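> The file below is run-v3.pdb, PDB, C-alpha atoms:
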ATOM      1  CA  ARG A   1      -3.477  -8.911  -5.931
ATOM      2  CA  ARG A   2      -1.174  -7.337  -8.559
ATOM      3  CA  VAL A   3      -1.418  -3.961  -6.788
ATOM      4  CA  GLU A   4      -0.433  -5.528  -3.454
ATOM      5  CA  SER A   5       2.522  -7.327  -5.062
ATOM      6  CA  LEU A   6       3.798  -4.093  -6.623
ATOM      7  CA  TYR A   7       3.327  -2.238  -3.339
ATOM      8  CA  PHE A   8       5.281  -4.808  -1.306
ATOM      9  CA  MET A   9       8.061  -4.848  -3.907
ATOM     10  CA  GLY A  10       8.280  -1.076  -3.463
ATOM     11  CA  LYS A  11       8.468  -1.440   0.330
ATOM     12  CA  ALA A  12      11.279  -3.991  -0.079
ATOM     13  CA  CYS A  13      13.209  -1.467  -2.210
ATOM     14  CA  GLU A  14      12.647   1.180   0.480
ATOM     15  CA  LEU A  15      14.207  -1.098   3.096
ATOM     16  CA  HIS A  16      17.272  -1.471   0.863
ATOM     17  CA  VAL A  17      17.445   2.334   0.378
ATOM     18  CA  ASN A  18      16.709   2.197  -3.333
ATOM     19  CA  PRO A  19      14.294   5.120  -3.859
ATOM     20  CA  GLN A  20      14.315   5.006  -7.675
ATOM     21  CA  GLU A  21      13.188   1.361  -7.799
ATOM     22  CA  ALA A  22      10.699   1.926  -4.974
ATOM     23  CA  GLN A  23       9.271   4.848  -6.935
ATOM     24  CA  MET A  24       8.879   2.649 -10.015
ATOM     25  CA  TYR A  25       6.943  -0.049  -8.139
ATOM     26  CA  PHE A  26       4.724   2.446  -6.288
ATOM     27  CA  SER A  27       4.031   4.315  -9.552
ATOM     28  CA  ASN A  28       3.063   1.052 -11.272
ATOM     29  CA  ALA A  29       0.778   0.150  -8.350
ATOM     30  CA  LEU A  30      -0.894   3.561  -8.559
ATOM     31  CA  GLN A  31      -1.411   3.260 -12.316
ATOM     32  CA  ALA A  32      -2.906  -0.211 -11.834
ATOM     33  CA  ILE A  33      -5.404   1.194  -9.314
ATOM     34  CA  LYS A  34      -6.321   4.104 -11.579
ATOM     35  CA  ARG A  35      -7.085   1.703 -14.424
ATOM     36  CA  CYS A  36      -9.722  -0.016 -12.269
ATOM     37  CA  GLY A  37     -13.418   0.848 -12.388
ATOM     38  CA  GLN A  38     -15.071   3.009  -9.707
ATOM     39  CA  HIS A  39     -16.481   0.012  -7.838
ATOM     40  CA  GLU A  40     -13.038  -1.657  -7.629
ATOM     41  CA  LYS A  41     -11.402   1.618  -6.580
ATOM     42  CA  ARG A  42     -13.871   2.003  -3.709
ATOM     43  CA  ALA A  43     -13.211  -1.589  -2.654
ATOM     44  CA  MET A  44      -9.469  -0.934  -2.453
ATOM     45  CA  ALA A  45      -9.692   2.635  -1.055
ATOM     46  CA  HIS A  46      -7.310   1.822   1.816
ATOM     47  CA  MET A  47      -4.637   0.408  -0.507
ATOM     48  CA  TYR A  48      -5.159   3.386  -2.854
ATOM     49  CA  SER A  49      -4.414   5.766   0.044
ATOM     50  CA  VAL A  50      -1.400   3.754   1.247
ATOM     51  CA  VAL A  51       0.154   3.692  -2.248
ATOM     52  CA  LEU A  52      -0.368   7.455  -2.670
ATOM     53  CA  GLY A  53       1.354   8.118   0.660
ATOM     54  CA  SER A  54       4.243   5.759  -0.056
ATOM     55  CA  LEU A  55       4.882   7.249  -3.496
ATOM     56  CA  ALA A  56       4.661  10.784  -2.052
ATOM     57  CA  ARG A  57       7.282  10.014   0.612
ATOM     58  CA  CYS A  58       9.470   8.411  -2.055
ATOM     59  CA  TYR A  59       9.396  11.623  -4.114
ATOM     60  CA  GLU A  60       9.981  13.691  -0.973
ATOM     61  CA  ASP A  61      13.102  11.663  -0.112
ATOM     62  CA  GLN A  62      14.428  12.559  -3.583
ATOM     63  CA  GLU A  63      13.679  16.288  -3.055
ATOM     64  CA  MET A  64      10.901  16.156  -5.707
ATOM     65  CA  PHE A  65       8.569  18.309  -3.643
ATOM     66  CA  ARG A  66       6.125  19.386  -6.353
ATOM     67  CA  GLU A  67       5.316  15.725  -7.061
ATOM     68  CA  SER A  68       5.132  14.722  -3.381
ATOM     69  CA  GLU A  69       2.848  17.639  -2.514
ATOM     70  CA  GLY A  70       0.414  16.712  -5.302
ATOM     71  CA  LEU A  71       0.239  13.098  -4.105
ATOM     72  CA  PHE A  72      -0.252  14.042  -0.437
ATOM     73  CA  LEU A  73      -3.099  16.369  -1.475
ATOM     74  CA  GLU A  74      -4.649  13.596  -3.571
ATOM     75  CA  GLN A  75      -4.372  11.220  -0.594
ATOM     76  CA  LEU A  76      -5.987  13.833   1.660
ATOM     77  CA  SER A  77      -8.876  14.303  -0.775
ATOM     78  CA  LEU A  78      -9.448  10.521  -0.890
ATOM     79  CA  LEU A  79      -9.419  10.183   2.914
ATOM     80  CA  LYS A  80     -11.839  13.075   3.372
ATOM     81  CA  GLU A  81     -14.506  11.124   1.496
ATOM     82  CA  LYS A  82     -15.035   9.309   4.838
ATOM     83  CA  PRO A  83     -13.821  11.886   7.390
ATOM     84  CA  GLU A  84     -14.979  10.188  10.602
ATOM     85  CA  GLU A  85     -13.660   6.771   9.634
ATOM     86  CA  ASN A  86     -10.319   8.201   8.443
ATOM     87  CA  ARG A  87      -9.808  10.897  11.098
ATOM     88  CA  ARG A  88      -6.445   9.592  12.311
ATOM     89  CA  HIS A  89      -5.198   8.926   8.756
ATOM     90  CA  ILE A  90      -6.205  12.487   7.778
ATOM     91  CA  ALA A  91      -4.123  13.863  10.674
ATOM     92  CA  THR A  92      -1.145  11.715   9.639
ATOM     93  CA  THR A  93      -1.382  12.822   5.992
ATOM     94  CA  LEU A  94      -1.618  16.481   7.020
ATOM     95  CA  HIS A  95       1.450  15.918   9.210
ATOM     96  CA  ASN A  96       3.344  14.477   6.220
ATOM     97  CA  LEU A  97       2.213  17.402   4.044
ATOM     98  CA  ALA A  98       3.477  19.849   6.693
ATOM     99  CA  MET A  99       6.861  18.095   6.678
ATOM    100  CA  ASP A 100       6.905  18.318   2.877
ATOM    101  CA  TYR A 101       6.265  22.075   2.948
ATOM    102  CA  CYS A 102       9.002  22.637   5.546
ATOM    103  CA  LYS A 103      11.587  20.501   3.727
ATOM    104  CA  SER A 104      10.937  22.408   0.494
ATOM    105  CA  GLY A 105      11.586  25.743   2.242
ATOM    106  CA  ARG A 106       7.931  26.781   2.720
ATOM    107  CA  VAL A 107       8.315  26.762   6.487
ATOM    108  CA  GLU A 108       5.475  29.183   7.310
ATOM    109  CA  LYS A 109       3.022  27.105   5.278
ATOM    110  CA  GLY A 110       4.354  23.974   6.953
ATOM    111  CA  ILE A 111       3.859  25.448  10.440
ATOM    112  CA  GLU A 112       0.299  26.483   9.532
ATOM    113  CA  THR A 113      -0.394  22.901   8.453
ATOM    114  CA  PHE A 114       1.144  21.503  11.659
ATOM    115  CA  GLU A 115      -1.215  23.806  13.586
ATOM    116  CA  GLN A 116      -4.171  22.223  11.751
ATOM    117  CA  VAL A 117      -2.922  18.786  12.802
ATOM    118  CA  MET A 118      -2.508  19.909  16.433
ATOM    119  CA  GLU A 119      -6.020  21.371  16.439
ATOM    120  CA  MET A 120      -7.450  18.123  15.009
ATOM    121  CA  ARG A 121      -5.655  15.986  17.567
ATOM    122  CA  MET A 122      -6.581  18.178  20.528
ATOM    123  CA  ARG A 123     -10.231  18.346  19.382
ATOM    124  CA  THR A 124     -10.561  14.563  19.249
ATOM    125  CA  ALA A 125      -9.380  11.652  21.333
ATOM    126  CA  ASP A 126      -6.307  11.191  19.128
ATOM    127  CA  SER A 127      -3.895  12.735  21.634
ATOM    128  CA  ALA A 128      -4.996  10.092  24.174
ATOM    129  CA  ASN A 129      -5.417   7.147  21.800
ATOM    130  CA  ASP A 130      -2.376   7.934  19.669
ATOM    131  CA  PRO A 131       0.063   9.749  21.986
ATOM    132  CA  LEU A 132       3.083   8.963  19.799
ATOM    133  CA  GLY A 133       1.348  10.465  16.751
ATOM    134  CA  ALA A 134       0.575  13.613  18.758
ATOM    135  CA  SER A 135       4.144  13.769  20.111
ATOM    136  CA  ALA A 136       5.590  13.406  16.578
ATOM    137  CA  THR A 137       3.593  16.458  15.492
ATOM    138  CA  MET A 138       4.722  18.409  18.569
ATOM    139  CA  VAL A 139       8.398  17.561  18.071
ATOM    140  CA  ASN A 140       8.470  18.134  14.298
ATOM    141  CA  MET A 141       6.490  21.371  14.537
ATOM    142  CA  GLY A 142       8.802  22.488  17.355
ATOM    143  CA  GLY A 143      11.863  21.658  15.255
ATOM    144  CA  TYR A 144      10.683  23.769  12.337
ATOM    145  CA  LEU A 145       9.640  26.625  14.661
ATOM    146  CA  VAL A 146      13.248  26.605  15.881
ATOM    147  CA  GLN A 147      14.429  26.840  12.247
ATOM    148  CA  ASN A 148      12.060  29.804  11.879
ATOM    149  CA  CYS A 149      13.529  31.460  15.030
ATOM    150  CA  GLN A 150      10.246  31.085  16.975
ATOM    151  CA  TYR A 151      11.910  29.600  20.042
ATOM    152  CA  GLU A 152       9.315  30.577  22.650
ATOM    153  CA  ARG A 153       6.603  28.788  20.655
ATOM    154  CA  ALA A 154       8.840  25.786  20.017
ATOM    155  CA  LEU A 155       9.999  25.116  23.590
ATOM    156  CA  PRO A 156       6.678  23.966  25.205
ATOM    157  CA  LEU A 157       5.915  21.743  22.203
ATOM    158  CA  LEU A 158       9.346  20.096  22.367
ATOM    159  CA  LEU A 159       9.197  19.662  26.147
ATOM    160  CA  LYS A 160       5.775  17.996  25.958
ATOM    161  CA  GLY A 161       6.758  15.877  22.941
ATOM    162  CA  VAL A 162       9.908  14.619  24.685
ATOM    163  CA  ALA A 163       7.954  13.833  27.883
ATOM    164  CA  ILE A 164       5.392  11.744  25.934
ATOM    165  CA  LYS A 165       8.094   9.846  24.049
ATOM    166  CA  LYS A 166       9.987   9.067  27.279
ATOM    167  CA  GLU A 167       6.755   7.825  28.841
ATOM    168  CA  CYS A 168       5.658   5.659  25.877
ATOM    169  CA  LEU A 169       8.967   4.364  24.520
ATOM    170  CA  PRO A 170      12.017   2.588  25.980
ATOM    171  CA  TYR A 171      14.671   5.086  27.118
ATOM    172  CA  GLU A 172      17.161   3.862  24.481
ATOM    173  CA  HIS A 173      14.669   4.284  21.597
ATOM    174  CA  PHE A 174      16.026   6.277  18.646
ATOM    175  CA  ASP A 175      12.977   8.609  18.653
ATOM    176  CA  VAL A 176      13.767   9.599  22.244
ATOM    177  CA  ALA A 177      17.328  10.492  21.200
ATOM    178  CA  ASN A 178      16.119  12.486  18.197
ATOM    179  CA  SER A 179      13.582  14.447  20.264
ATOM    180  CA  LEU A 180      16.227  15.264  22.887
ATOM    181  CA  ARG A 181      18.508  16.502  20.103
ATOM    182  CA  MET A 182      15.820  18.870  18.796
ATOM    183  CA  LEU A 183      15.114  20.144  22.323
ATOM    184  CA  SER A 184      18.865  20.726  22.731
ATOM    185  CA  THR A 185      18.885  22.840  19.552
ATOM    186  CA  CYS A 186      16.038  24.987  20.888
ATOM    187  CA  CYS A 187      17.788  25.518  24.248
ATOM    188  CA  GLU A 188      21.046  26.348  22.462
ATOM    189  CA  MET A 189      19.347  29.003  20.304
ATOM    190  CA  MET A 190      17.657  30.488  23.407
ATOM    191  CA  GLY A 191      21.068  30.905  25.051
ATOM    192  CA  GLU A 192      20.662  28.050  27.570
ATOM    193  CA  VAL A 193      23.932  26.515  26.442
ATOM    194  CA  ASN A 194      24.695  24.358  29.489
ATOM    195  CA  LYS A 195      21.237  22.776  29.361
ATOM    196  CA  ALA A 196      21.630  22.317  25.598
ATOM    197  CA  MET A 197      24.983  20.582  26.151
ATOM    198  CA  ARG A 198      23.498  18.139  28.690
ATOM    199  CA  LEU A 199      20.627  17.298  26.325
ATOM    200  CA  ALA A 200      23.006  16.902  23.351
ATOM    201  CA  GLU A 201      25.256  14.560  25.351
ATOM    202  CA  GLU A 202      22.241  12.494  26.467
ATOM    203  CA  ALA A 203      20.908  12.274  22.891
ATOM    204  CA  HIS A 204      24.373  11.300  21.591
ATOM    205  CA  PHE A 205      24.754   8.636  24.298
ATOM    206  CA  ILE A 206      21.384   7.026  23.416
ATOM    207  CA  ALA A 207      22.111   7.161  19.668
ATOM    208  CA  LEU A 208      25.482   5.456  20.173
ATOM    209  CA  SER A 209      23.756   2.667  22.103
ATOM    210  CA  ARG A 210      21.690   1.954  18.965
ATOM    211  CA  LEU A 211      24.085   2.627  16.092
ATOM    212  CA  PRO A 212      27.817   2.279  15.277
ATOM    213  CA  ARG A 213      29.939   5.446  15.394
ATOM    214  CA  ASN A 214      30.358   5.575  11.605
ATOM    215  CA  HIS A 215      26.624   5.251  10.848
ATOM    216  CA  ALA A 216      25.197   8.146   8.780
ATOM    217  CA  ASP A 217      22.343   8.722  11.273
ATOM    218  CA  ILE A 218      24.817   9.369  14.111
ATOM    219  CA  VAL A 219      26.035  12.512  12.366
ATOM    220  CA  VAL A 220      23.099  14.756  13.370
ATOM    221  CA  PHE A 221      23.799  13.991  17.035
ATOM    222  CA  VAL A 222      27.511  14.747  16.707
ATOM    223  CA  GLN A 223      26.537  17.896  14.810
ATOM    224  CA  GLN A 224      24.422  19.180  17.713
ATOM    225  CA  LEU A 225      27.136  18.293  20.210
ATOM    226  CA  ALA A 226      29.635  20.253  18.082
ATOM    227  CA  ALA A 227      27.244  23.244  17.962
ATOM    228  CA  CYS A 228      27.125  23.268  21.783
ATOM    229  CA  LYS A 229      30.932  22.968  21.967
ATOM    230  CA  ARG A 230      31.199  25.973  19.660
ATOM    231  CA  LYS A 231      28.814  28.040  21.815
ATOM    232  CA  THR A 232      30.880  27.240  24.940
ATOM    233  CA  GLY A 233      34.066  28.323  23.168
ATOM    234  CA  ASN A 234      35.534  24.835  22.636
ATOM    235  CA  LEU A 235      36.178  25.557  18.960
ATOM    236  CA  ASP A 236      38.946  23.015  18.417
ATOM    237  CA  GLU A 237      36.769  20.215  19.826
ATOM    238  CA  ALA A 238      33.852  21.363  17.663
ATOM    239  CA  ILE A 239      36.004  21.417  14.506
ATOM    240  CA  GLN A 240      37.386  17.956  15.285
ATOM    241  CA  LEU A 241      33.870  16.515  15.762
ATOM    242  CA  ILE A 242      32.616  18.012  12.482
ATOM    243  CA  GLN A 243      35.672  16.906  10.501
ATOM    244  CA  GLN A 244      35.133  13.330  11.727
ATOM    245  CA  CYS A 245      31.584  13.392  10.332
ATOM    246  CA  ILE A 246      32.259  14.816   6.861
ATOM    247  CA  PRO A 247      33.757  11.591   5.362
ATOM    248  CA  ILE A 248      30.797   9.586   6.765
ATOM    249  CA  GLN A 249      28.334  11.872   4.989
ATOM    250  CA  LYS A 250      30.328  11.949   1.742
ATOM    251  CA  SER A 251      30.275   8.143   1.646
ATOM    252  CA  ASN A 252      26.471   8.211   1.912
ATOM    253  CA  LEU A 253      25.644  10.646  -0.910
ATOM    254  CA  PRO A 254      23.149  11.603  -2.277
ATOM    255  CA  ALA A 255      20.964  10.585   0.690
ATOM    256  CA  SER A 256      23.103  12.593   3.143
ATOM    257  CA  ARG A 257      23.504  15.799   1.114
ATOM    258  CA  ARG A 258      21.366  17.946   3.438
ATOM    259  CA  ASN A 259      23.322  16.880   6.513
ATOM    260  CA  LEU A 260      26.616  17.336   4.660
ATOM    261  CA  CYS A 261      25.647  20.934   3.870
ATOM    262  CA  THR A 262      24.761  21.567   7.517
ATOM    263  CA  LEU A 263      28.148  20.174   8.577
ATOM    264  CA  LEU A 264      29.978  22.417   6.086
ATOM    265  CA  ASN A 265      27.985  25.431   7.251
ATOM    266  CA  ASN A 266      28.790  24.751  10.915
ATOM    267  CA  LEU A 267      32.462  24.127  10.125
ATOM    268  CA  GLY A 268      32.540  27.526   8.408
ATOM    269  CA  LEU A 269      31.074  29.148  11.538
ATOM    270  CA  CYS A 270      33.779  27.559  13.698
ATOM    271  CA  TYR A 271      36.513  28.805  11.358
ATOM    272  CA  GLN A 272      34.983  32.290  11.384
ATOM    273  CA  ASP A 273      34.875  32.331  15.199
ATOM    274  CA  LYS A 274      38.602  31.485  15.203
ATOM    275  CA  GLY A 275      39.304  34.309  12.744
ATOM    276  CA  MET A 276      40.240  31.822   9.980
ATOM    277  CA  PHE A 277      38.273  33.677   7.294
ATOM    278  CA  ARG A 278      39.990  32.095   4.288
ATOM    279  CA  GLU A 279      39.076  28.589   5.529
ATOM    280  CA  ALA A 280      35.544  29.771   6.369
ATOM    281  CA  MET A 281      35.069  31.174   2.844
ATOM    282  CA  ARG A 282      36.359  28.002   1.203
ATOM    283  CA  THR A 283      34.018  25.882   3.352
ATOM    284  CA  TRP A 284      30.962  28.058   2.617
ATOM    285  CA  GLU A 285      31.756  28.083  -1.105
ATOM    286  CA  ASP A 286      31.672  24.259  -1.003
ATOM    287  CA  CYS A 287      28.428  24.432   0.976
ATOM    288  CA  LEU A 288      26.860  26.827  -1.556
ATOM    289  CA  VAL A 289      27.787  24.605  -4.515
ATOM    290  CA  ALA A 290      26.338  21.568  -2.719
ATOM    291  CA  ARG A 291      23.082  23.331  -1.767
ATOM    292  CA  ARG A 292      22.557  24.725  -5.263
ATOM    293  CA  SER A 293      22.896  21.203  -6.667
ATOM    294  CA  PHE A 294      19.590  20.079  -5.112
ATOM    295  CA  LEU A 295      17.697  23.091  -3.711
ATOM    296  CA  PRO A 296      15.587  25.646  -5.648
ATOM    297  CA  PRO A 297      17.429  28.957  -6.239
ATOM    298  CA  ASP A 298      15.204  30.883  -3.804
ATOM    299  CA  HIS A 299      15.503  28.392  -0.903
ATOM    300  CA  PRO A 300      16.198  30.112   2.476
ATOM    301  CA  SER A 301      19.262  27.896   3.079
ATOM    302  CA  ILE A 302      20.931  29.317  -0.034
ATOM    303  CA  GLY A 303      20.269  32.849   1.215
ATOM    304  CA  TYR A 304      21.731  31.922   4.615
ATOM    305  CA  THR A 305      24.903  30.471   3.049
ATOM    306  CA  LEU A 306      25.322  33.559   0.853
ATOM    307  CA  TRP A 307      25.007  35.756   3.940
ATOM    308  CA  ASN A 308      27.738  33.825   5.785
ATOM    309  CA  LEU A 309      29.989  33.908   2.728
ATOM    310  CA  GLY A 310      29.449  37.645   2.263
ATOM    311  CA  ILE A 311      30.272  38.428   5.902
ATOM    312  CA  ALA A 312      33.440  36.298   5.725
ATOM    313  CA  CYS A 313      34.505  38.192   2.570
ATOM    314  CA  LYS A 314      33.949  41.491   4.376
ATOM    315  CA  GLU A 315      35.957  40.362   7.426
ATOM    316  CA  LYS A 316      38.771  39.236   5.129
ATOM    317  CA  GLY A 317      38.822  42.738   3.600
ATOM    318  CA  ASP A 318      37.340  41.956   0.172
ATOM    319  CA  VAL A 319      34.566  44.572   0.333
ATOM    320  CA  MET A 320      33.691  44.508  -3.389
ATOM    321  CA  ALA A 321      33.127  40.739  -3.437
ATOM    322  CA  ALA A 322      31.219  40.937  -0.130
ATOM    323  CA  SER A 323      28.907  43.619  -1.531
ATOM    324  CA  GLU A 324      28.105  41.520  -4.612
ATOM    325  CA  ILE A 325      27.439  38.351  -2.579
ATOM    326  CA  LEU A 326      25.252  40.195  -0.048
ATOM    327  CA  ARG A 327      23.196  41.756  -2.877
ATOM    328  CA  GLU A 328      22.593  38.243  -4.198
ATOM    329  CA  CYS A 329      21.648  37.141  -0.677
ATOM    330  CA  LEU A 330      19.118  40.001  -0.428
ATOM    331  CA  SER A 331      17.595  39.001  -3.759
ATOM    332  CA  VAL A 332      17.144  35.378  -2.562
ATOM    333  CA  ARG A 333      15.585  36.502   0.728
ATOM    334  CA  GLU A 334      13.169  38.849  -1.043
ATOM    335  CA  ARG A 335      11.962  35.943  -3.237
ATOM    336  CA  CYS A 336      11.421  33.856  -0.062
ATOM    337  CA  LEU A 337       8.937  36.379   1.361
TER     338      LEU A 337
END
Give the structure from the file, written as structure tokens.

Amino acid sequence: RRVESLYFMGKACELHVNPQEAQMYFSNALQAIKRCGQHEKRAMAHMYSVVLGSLARCYEDQEMFRESEGLFLEQLSLLKEKPEENRRHIATTLHNLAMDYCKSGRVEKGIETFEQVMEMRMRTADSANDPLGASATMVNMGGYLVQNCQYERALPLLLKGVAIKKECLPYEHFDVANSLRMLSTCCEMMGEVNKAMRLAEEAHFIALSRLPRNHADIVVFVQQLAACKRKTGNLDEAIQLIQQCIPIQKSNLPASRRNLCTLLNNLGLCYQDKGMFREAMRTWEDCLVARRSFLPPDHPSIGYTLWNLGIACKEKGDVMAASEILRECLSVRERCL
């Protein structure tokens, strides 16, 4: 009973976006379980697994990936003690572990883990009995394949994932909007800009029907719309959209720091396209400082920001500074391999 009370207190803190307090309650619940005897642990195996998963996601939300990975692996080990009974929970935990790997910059390992989940779900009845679970894996795997420039592999997964979500969920559901946004990103990167624009506008329209314009979660939809505007040459519109979002993200720190960095990066690209290299450099310097404040030094996003900053320096005529920054970028990318 004490374990359940601690767990539900943690869930209440999650709802109020208080990850530190949620972590404390989940940690206390886990310690209470671990103090029990083997017979009691077996009796509360389901709660044990749920607490492990909740604490892992709490650490993940705070960018504490080493801790979250360890807890997901412990949860996986516990579930595999009864593999047939826990088949769907095993797939879900593997999915969460894949997300953890991708968020921490280990995208290849994350994609490999997503592939395990897909294989499990296709081998069993899960894709029929749990279509939304299968579609979540398709969409998230597709999104990270896009980040890894594997667009041809990503597209069929995203198309199928979006189709399932549209079939199973109301049209105005937030998950439908998010899946459309990720499909738009893939089309944009494949050069299908007009299709990407239509998808981005549809995703943005659905998101606005669910959330106010100044809500932090709206920003990713505006971001994708701005990316499409940039690709079609509407740079002033793209810059205006991004600049509207930056104060929203700054007011929601630290939870929004990843999205803020993406906004700064995209704003820098728009400035560079307009030939405003001084503004681009200043924006990417801010982006680099922000990313270094919460990412490991060899994270691919830091290498990417260094590359953009180095190219802007070169275009501005500062060859010495560009050379130094690009050498640092090469060093980061080599450590990522």
> Residues at most 10 Å from segment 73-77 of chain A, counting all atoms listed in the file, excluding those fewer than 4 positions away in the same chain, as an MDAnalysis selection string?
chainID A and resid 48:53 56 68:69 81:83 86 89:94 97
> Can you work out which one of A:Met189, A:Ala98, A:Asn252, A:Pro170 has the shortest atom-to-atom distance to Ala154 of chain A, counting all atoms listed in the file?
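The shortest atom-to-atom distance to Ala154 of chain A comes from A:Met189.
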> What does the distance from atom CA of Leu155 of chain A to atom CA of Gln224 of chain A come to in Å, to one decimal?
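Answer for the atom CA of Leu155 of chain A to atom CA of Gln224 of chain A separation: 16.7 Å.
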> Need to verify the contact set: Pro296 of chain A, 9 Å, all atoms listed in the file, exclusion of same-chain residues closer than 6 positions in sequence. Can you return it as a PyMOL selection string?
chain A and resi 104-105+302
> Write out as a PyMOL selection string the residues lying within 8 Å of segment 313-326 of chain A, counting all atoms listed in the file and excluding same-chain residues fewer than 3 positions away.
chain A and resi 277-278+281+306-307+309-310+329-330
> Skip Thr262 of chain A itself and residues of its chain fewer than 2 positions away, then list as a compact mmCIF listing (two decimals) with C-alpha atoms, in the frame of the given file all residues within 12 Å of it, counting all atoms listed in the file.

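Ended up saving to selection.txt:
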# COMPACT_ATOMS: atom_id res chain seq x y z
CA VAL A 219 26.04 12.51 12.37
CA VAL A 220 23.10 14.76 13.37
CA VAL A 222 27.51 14.75 16.71
CA GLN A 223 26.54 17.90 14.81
CA GLN A 224 24.42 19.18 17.71
CA ALA A 226 29.64 20.25 18.08
CA ALA A 227 27.24 23.24 17.96
CA ILE A 242 32.62 18.01 12.48
CA CYS A 245 31.58 13.39 10.33
CA ILE A 246 32.26 14.82 6.86
CA GLN A 249 28.33 11.87 4.99
CA SER A 256 23.10 12.59 3.14
CA ARG A 257 23.50 15.80 1.11
CA ARG A 258 21.37 17.95 3.44
CA ASN A 259 23.32 16.88 6.51
CA LEU A 260 26.62 17.34 4.66
CA LEU A 264 29.98 22.42 6.09
CA ASN A 265 27.98 25.43 7.25
CA ASN A 266 28.79 24.75 10.92
CA LEU A 267 32.46 24.13 10.12
CA GLY A 268 32.54 27.53 8.41
CA LEU A 269 31.07 29.15 11.54
CA THR A 283 34.02 25.88 3.35
CA TRP A 284 30.96 28.06 2.62
CA ASP A 286 31.67 24.26 -1.00
CA CYS A 287 28.43 24.43 0.98
CA LEU A 288 26.86 26.83 -1.56
CA ALA A 290 26.34 21.57 -2.72
CA ARG A 291 23.08 23.33 -1.77
CA SER A 301 19.26 27.90 3.08
CA ILE A 302 20.93 29.32 -0.03
CA TYR A 304 21.73 31.92 4.62
CA THR A 305 24.90 30.47 3.05
> Could you jot down the atom CA of Val146 of chain A to atom CA of Ser54 of chain A separation for me, Å, one decimal place?
27.7 Å
> Using all atoms listed in the file, which of the listed residues (A:Met122, A:Met141, A:Cys186, A:Ile111) sits closest to Arg88 of chain A?
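Closest to Arg88 of chain A, using all atoms listed in the file: A:Met122.
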> Using all atoms listed in the file, which residue out of A:Met190, A:Val107, A:Met276, A:Ala196 lies closest to Pro300 of chain A?
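Using all atoms listed in the file, the shortest distance to Pro300 of chain A belongs to A:Val107.
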> Given the file shown, enumerate the residues that the PyMOL selection byres ((chain A and resi 23-33) around 9) captures and present them as a ChimeraX atom specification.
/A:2-11,13-14,18-22,34-37,40-41,44,47-48,51-52,54-56,58-59
> Nearest to Val193 of chain A among A:Cys228, A:Met118, A:Leu295, A:Leu241, with distances taken over all atoms listed in the file: which residue is it?
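Of A:Cys228, A:Met118, A:Leu295, A:Leu241, the one nearest Val193 of chain A is A:Cys228, counting all atoms listed in the file.
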> So the first atom is atom CA of Glu201 of chain A and the second is atom CA of Arg230 of chain A; what is the distance between them in Å, to one decimal place?
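That distance, rounded to one decimal, is 14.1 Å.
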> Using all atoms listed in the file, can you tell me which of A:Arg181, A:Lys160, A:Lys166, A:His46 comes closest to Thr137 of chain A?
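Under the stated criterion, the closest residue is A:Lys160.
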> Set the distance at 9 Å and use only C-alpha atoms: which residues neighbour segment 208-214 of chain A once local chain neighbours fewer than 6 positions away are removed? I'd like the list as a ChimeraX atom specification.
/A:172-174,245,248
